[in-house]
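Just below is one structure, and these are the notes that go with it.
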Amino acid sequence: MPRRRSYDQYCAAARALDVVGDRWTLLIVRELLAGPRRYTDLHADLPGVSTDMLAGRLKDMEGAELVTRRRLPAPVSAYVYELTARGRELLPVLRALAQWGAPALEEPRPTDAVRAHWFAVPLIGALEGVVEGVVQVTLDEGTFHVRVGGDGPPAYGDGPPADPADLVLRTDSATCRALAGGEATLARAVRDGRIEVTGDGVLAGELRDLLLPAAID
C-alpha cells in the first residue's frame, strides 16, 4: 500500500486528519452511515466526485480500516461498501460539523445538489430528547429515516425503514434547515403546520402532546 500523506505531527487531531482530512472522505462516511452502498450508488449521491477520486478514496479508507467491501449473496451479483465499527464512530464528528455548518446553509445556491438523507445528520439533534424510536421523514426530495433514543447510538438510513416507522413526518427542506440551525423547534414547526405528523402510535401521540401551550417555547 502506498504511503499516505501525513502532517507528521504528534497530535490526536493531526492523526485523525491524516485519515479523514482528504477531500470527499467524510462525505463518503456520511453516505455509508446510511447503510451499505454499491459503488454506483455512492457515485450518484456524491455529485462532483470523479470515478477515479471515489475509487481512490475508498481504497484509502479500506487501508485505514474505516470501510470494508463485500459481495452481496446470490442472486445479486454486486459488491457493497460498508463502514467498520471504527468508521461508524465518525457519526459524532459529522454531527458536530453539521451543527457548526448549519448557519452557513441559508438558501440553496443554483449549483447545489440536494438529497433528502443529507438532512438526517443535523435532524438527529432536533429529534433527540423529543421522541424515541424510528422516525421516517419525507421531503419533496425523497425519504429517509432516523433512529433516536433507546440503548444504541443514533443512526439513519436512506429511504423508509425495513419495518414500519414509529412516527412519520412530512415536511420540506427549508424546515429541516431551520431545525438544523436552531431557528425552529420540532414542537413549533408542528404547531405552525410546517411538519405533518402521521400515525396513531405512541410516538405520534407524544409529539402531538408537544402542541399543548405549556410545551411551546
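In the C-alpha cells, the first chain shown is A, the next is B, and so on; residue numbers restart at 1 for each chain, and ligands run from 1 in the order shown.
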Spatial neighbours of Val93 in chain A, max dist 12 Å, only C-alpha atoms, sep filter under 6 positions, as a PDB file with C-alpha atoms, in the first residue's frame:
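Written output follows (out24.pdb):
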ATOM      1  CA  ALA A  13      -6.308  15.951  15.723  1.00  0.00           C
ATOM      2  CA  ALA A  16      -7.337  11.991  12.681  1.00  0.00           C
ATOM      3  CA  LEU A  17      -6.905  14.353   9.740  1.00  0.00           C
ATOM      4  CA  VAL A  20     -10.227  11.589   7.196  1.00  0.00           C
ATOM      5  CA  GLY A  21      -8.921  15.014   6.195  1.00  0.00           C
ATOM      6  CA  LEU A  26     -16.088  12.484   5.315  1.00  0.00           C
ATOM      7  CA  LEU A  27     -18.836  12.809   2.719  1.00  0.00           C
ATOM      8  CA  VAL A  29     -18.644   8.388   5.513  1.00  0.00           C
ATOM      9  CA  ARG A  30     -21.893  10.382   5.531  1.00  0.00           C
ATOM     10  CA  GLY A  87     -15.850   4.162  10.669  1.00  0.00           C
ATOM     11  CA  GLN A  99     -24.059  21.822  13.735  1.00  0.00           C
ATOM     12  CA  TRP A 100     -21.150  24.166  13.053  1.00  0.00           C
ATOM     13  CA  VAL A 121     -27.377  14.130  10.466  1.00  0.00           C
ATOM     14  CA  PRO A 122     -28.491  17.606  11.614  1.00  0.00           C
TER      15      PRO A 122
END
Range 57-67 of chain A environment, 12 Å, only C-alpha atoms, sequence neighbours closer than 4 positions dropped, as number ranges by chain: A: 1-5, 15-29, 31-33, 35-39, 42-43, 49-53, 80-90
Per-residue DSSP, chain A, filtered to helix (DSSP H, G or I), as a count of residues only: 91
Just want the 12 Å neighbourhood of Gly101 in chain A, counted on only C-alpha atoms, with same-chain residues fewer than 5 positions away dropped. Output as a PDB file with C-alpha atoms, in the first residue's frame.
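File written: out.pdb
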ATOM      1  CA  LEU A  94     -20.229  14.640  11.351  1.00  0.00           C
ATOM      2  CA  ARG A  95     -22.882  15.819  13.786  1.00  0.00           C
ATOM      3  CA  ALA A  96     -20.504  18.419  15.202  1.00  0.00           C
ATOM      4  CA  GLU A 106     -29.067  29.843   4.014  1.00  0.00           C
ATOM      5  CA  VAL A 121     -27.377  14.130  10.466  1.00  0.00           C
ATOM      6  CA  PRO A 122     -28.491  17.606  11.614  1.00  0.00           C
ATOM      7  CA  ARG A 177     -32.690  23.712   7.564  1.00  0.00           C
ATOM      8  CA  ALA A 180     -30.752  22.159  11.988  1.00  0.00           C
ATOM      9  CA  GLY A 181     -29.797  25.779  12.565  1.00  0.00           C
ATOM     10  CA  GLY A 182     -31.810  26.114  15.758  1.00  0.00           C
TER      11      GLY A 182
END
Residues near Glu128 in chain A, cut-off 12 Å, only C-alpha atoms, skip fewer than 5 positions along chain, as a compact mmCIF listing (two decimals) with N, CA and C atoms, in the first residue's frame:
# COMPACT_ATOMS: atom_id res chain seq x y z
N VAL A 121 -28.37 13.86 9.41
CA VAL A 121 -27.38 14.13 10.47
C VAL A 121 -27.79 15.33 11.32
N PRO A 122 -28.10 16.50 10.74
CA PRO A 122 -28.49 17.61 11.61
C PRO A 122 -29.83 17.40 12.31
N LEU A 123 -30.73 16.59 11.73
CA LEU A 123 -32.03 16.39 12.37
C LEU A 123 -31.96 15.50 13.60
N GLY A 133 -37.40 6.32 19.07
CA GLY A 133 -37.82 5.27 18.15
C GLY A 133 -37.33 5.56 16.75
N VAL A 134 -38.01 4.95 15.77
CA VAL A 134 -37.64 5.13 14.35
C VAL A 134 -38.60 6.13 13.73
N VAL A 135 -38.03 7.19 13.19
CA VAL A 135 -38.81 8.28 12.60
C VAL A 135 -38.54 8.33 11.11
N VAL A 146 -34.59 7.98 10.68
CA VAL A 146 -33.65 8.23 11.76
C VAL A 146 -34.09 7.41 12.97
N ARG A 147 -33.13 6.80 13.65
CA ARG A 147 -33.42 6.11 14.90
C ARG A 147 -32.75 6.88 16.04
N VAL A 148 -33.55 7.29 17.01
CA VAL A 148 -33.02 8.04 18.14
C VAL A 148 -33.53 7.41 19.43
N GLY A 149 -32.78 7.62 20.51
CA GLY A 149 -33.15 7.06 21.80
C GLY A 149 -32.86 5.58 21.88
N GLY A 150 -33.29 4.97 22.95
CA GLY A 150 -33.03 3.55 23.14
C GLY A 150 -31.63 3.29 23.64
N PRO A 153 -26.59 3.89 19.82
CA PRO A 153 -26.37 5.26 19.35
C PRO A 153 -27.38 5.62 18.28
N PRO A 154 -27.55 6.90 17.99
CA PRO A 154 -28.43 7.28 16.89
C PRO A 154 -27.93 6.70 15.57
N ALA A 155 -28.85 6.55 14.63
CA ALA A 155 -28.49 6.02 13.32
C ALA A 155 -29.50 6.54 12.31
N THR A 185 -38.02 24.90 16.52
CA THR A 185 -38.06 23.66 17.29
C THR A 185 -39.06 22.72 16.64
N LEU A 186 -38.94 21.45 16.95
CA LEU A 186 -39.85 20.46 16.38
C LEU A 186 -41.29 20.79 16.78
Selection near Asp140 in chain A, 9 Å with only C-alpha atoms, sequence-local residues under 4 positions removed, as an NGL selection string: :A and (116 or 170-173)
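A straight line drawn from CA of Gly142 in chain A to CA of Pro161 in chain A is 13.1 Å long.
When only C-alpha atoms are used to measure the gap to Gly159 in chain A, the shortest distance among A:Ala187, A:Ala44, A:Trp118, A:Leu127 belongs to A:Trp118.
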Sel. of strand (DSSP E) residues, range 9-160 of chain A, as a PyMOL selection string: chain A and resi 67-71+79-83+133-139+142-148+155-158
Could the residues in this selection be saved with N, CA and C atoms as a tab-separated table (two decimals), in the first residue's frame?
chain	number	residue	atom	x	y	z
A	67	VAL	N	-13.54	1.22	6.16
A	67	VAL	CA	-14.52	0.67	5.22
A	67	VAL	C	-14.13	-0.75	4.85
A	68	THR	N	-15.12	-1.58	4.65
A	68	THR	CA	-14.89	-2.92	4.09
A	68	THR	C	-15.74	-3.08	2.83
A	69	ARG	N	-15.34	-4.02	2.00
A	69	ARG	CA	-16.06	-4.31	0.75
A	69	ARG	C	-16.44	-5.77	0.76
A	70	ARG	N	-17.71	-6.05	0.46
A	70	ARG	CA	-18.16	-7.44	0.48
A	70	ARG	C	-19.13	-7.68	-0.67
A	71	ARG	N	-19.21	-8.93	-1.08
A	71	ARG	CA	-20.13	-9.31	-2.16
A	71	ARG	C	-21.50	-9.63	-1.57
A	79	TYR	N	-20.98	-5.86	-5.41
A	79	TYR	CA	-20.25	-5.59	-4.18
A	79	TYR	C	-20.82	-4.33	-3.53
A	80	VAL	N	-20.75	-4.30	-2.22
A	80	VAL	CA	-21.14	-3.09	-1.49
A	80	VAL	C	-20.00	-2.69	-0.56
A	81	TYR	N	-19.95	-1.41	-0.26
A	81	TYR	CA	-19.03	-0.87	0.73
A	81	TYR	C	-19.82	-0.57	1.99
A	82	GLU	N	-19.22	-0.84	3.13
A	82	GLU	CA	-19.87	-0.51	4.40
A	82	GLU	C	-18.82	-0.11	5.42
A	83	LEU	N	-19.25	0.66	6.40
A	83	LEU	CA	-18.34	1.14	7.42
A	83	LEU	C	-18.01	0.05	8.42
A	133	GLY	N	-37.40	6.32	19.07
A	133	GLY	CA	-37.82	5.27	18.15
A	133	GLY	C	-37.33	5.56	16.75
A	134	VAL	N	-38.01	4.95	15.77
A	134	VAL	CA	-37.64	5.13	14.35
A	134	VAL	C	-38.60	6.13	13.73
A	135	VAL	N	-38.03	7.19	13.19
A	135	VAL	CA	-38.81	8.28	12.60
A	135	VAL	C	-38.54	8.33	11.11
A	136	GLN	N	-39.58	8.23	10.32
A	136	GLN	CA	-39.46	8.38	8.87
A	136	GLN	C	-39.75	9.82	8.50
A	137	VAL	N	-38.89	10.41	7.70
A	137	VAL	CA	-39.04	11.80	7.28
A	137	VAL	C	-39.15	11.84	5.77
A	138	THR	N	-40.22	12.46	5.27
A	138	THR	CA	-40.44	12.56	3.83
A	138	THR	C	-40.39	14.02	3.40
A	139	LEU	N	-39.53	14.30	2.43
A	139	LEU	CA	-39.41	15.62	1.81
A	139	LEU	C	-39.76	15.49	0.33
A	142	GLY	N	-37.16	13.33	-1.32
A	142	GLY	CA	-37.05	11.91	-1.02
A	142	GLY	C	-37.37	11.61	0.44
A	143	THR	N	-37.06	10.39	0.84
A	143	THR	CA	-37.40	9.90	2.18
A	143	THR	C	-36.16	9.33	2.85
A	144	PHE	N	-36.06	9.53	4.16
A	144	PHE	CA	-35.01	8.90	4.96
A	144	PHE	C	-35.60	8.58	6.32
A	145	HIS	N	-34.86	7.83	7.11
A	145	HIS	CA	-35.33	7.51	8.46
A	145	HIS	C	-34.21	7.69	9.45
A	146	VAL	N	-34.59	7.98	10.68
A	146	VAL	CA	-33.65	8.23	11.76
A	146	VAL	C	-34.09	7.41	12.97
A	147	ARG	N	-33.13	6.80	13.65
A	147	ARG	CA	-33.42	6.11	14.90
A	147	ARG	C	-32.75	6.88	16.04
A	148	VAL	N	-33.55	7.29	17.01
A	148	VAL	CA	-33.02	8.04	18.14
A	148	VAL	C	-33.53	7.41	19.43
A	155	ALA	N	-28.85	6.55	14.63
A	155	ALA	CA	-28.49	6.02	13.32
A	155	ALA	C	-29.50	6.54	12.31
A	156	TYR	N	-29.14	6.45	11.03
A	156	TYR	CA	-30.06	6.89	9.99
A	156	TYR	C	-29.85	6.05	8.74
A	157	GLY	N	-30.83	6.12	7.84
A	157	GLY	CA	-30.74	5.37	6.61
A	157	GLY	C	-31.51	6.08	5.51
A	158	ASP	N	-31.11	5.82	4.28
A	158	ASP	CA	-31.80	6.37	3.11
A	158	ASP	C	-33.07	5.57	2.87
Gap from CA of Glu132 in chain A to CA of Ala162 in chain A - Å, one decimal: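 So the two atoms, CA of Glu132 in chain A and CA of Ala162 in chain A, lie 17.3 Å apart.
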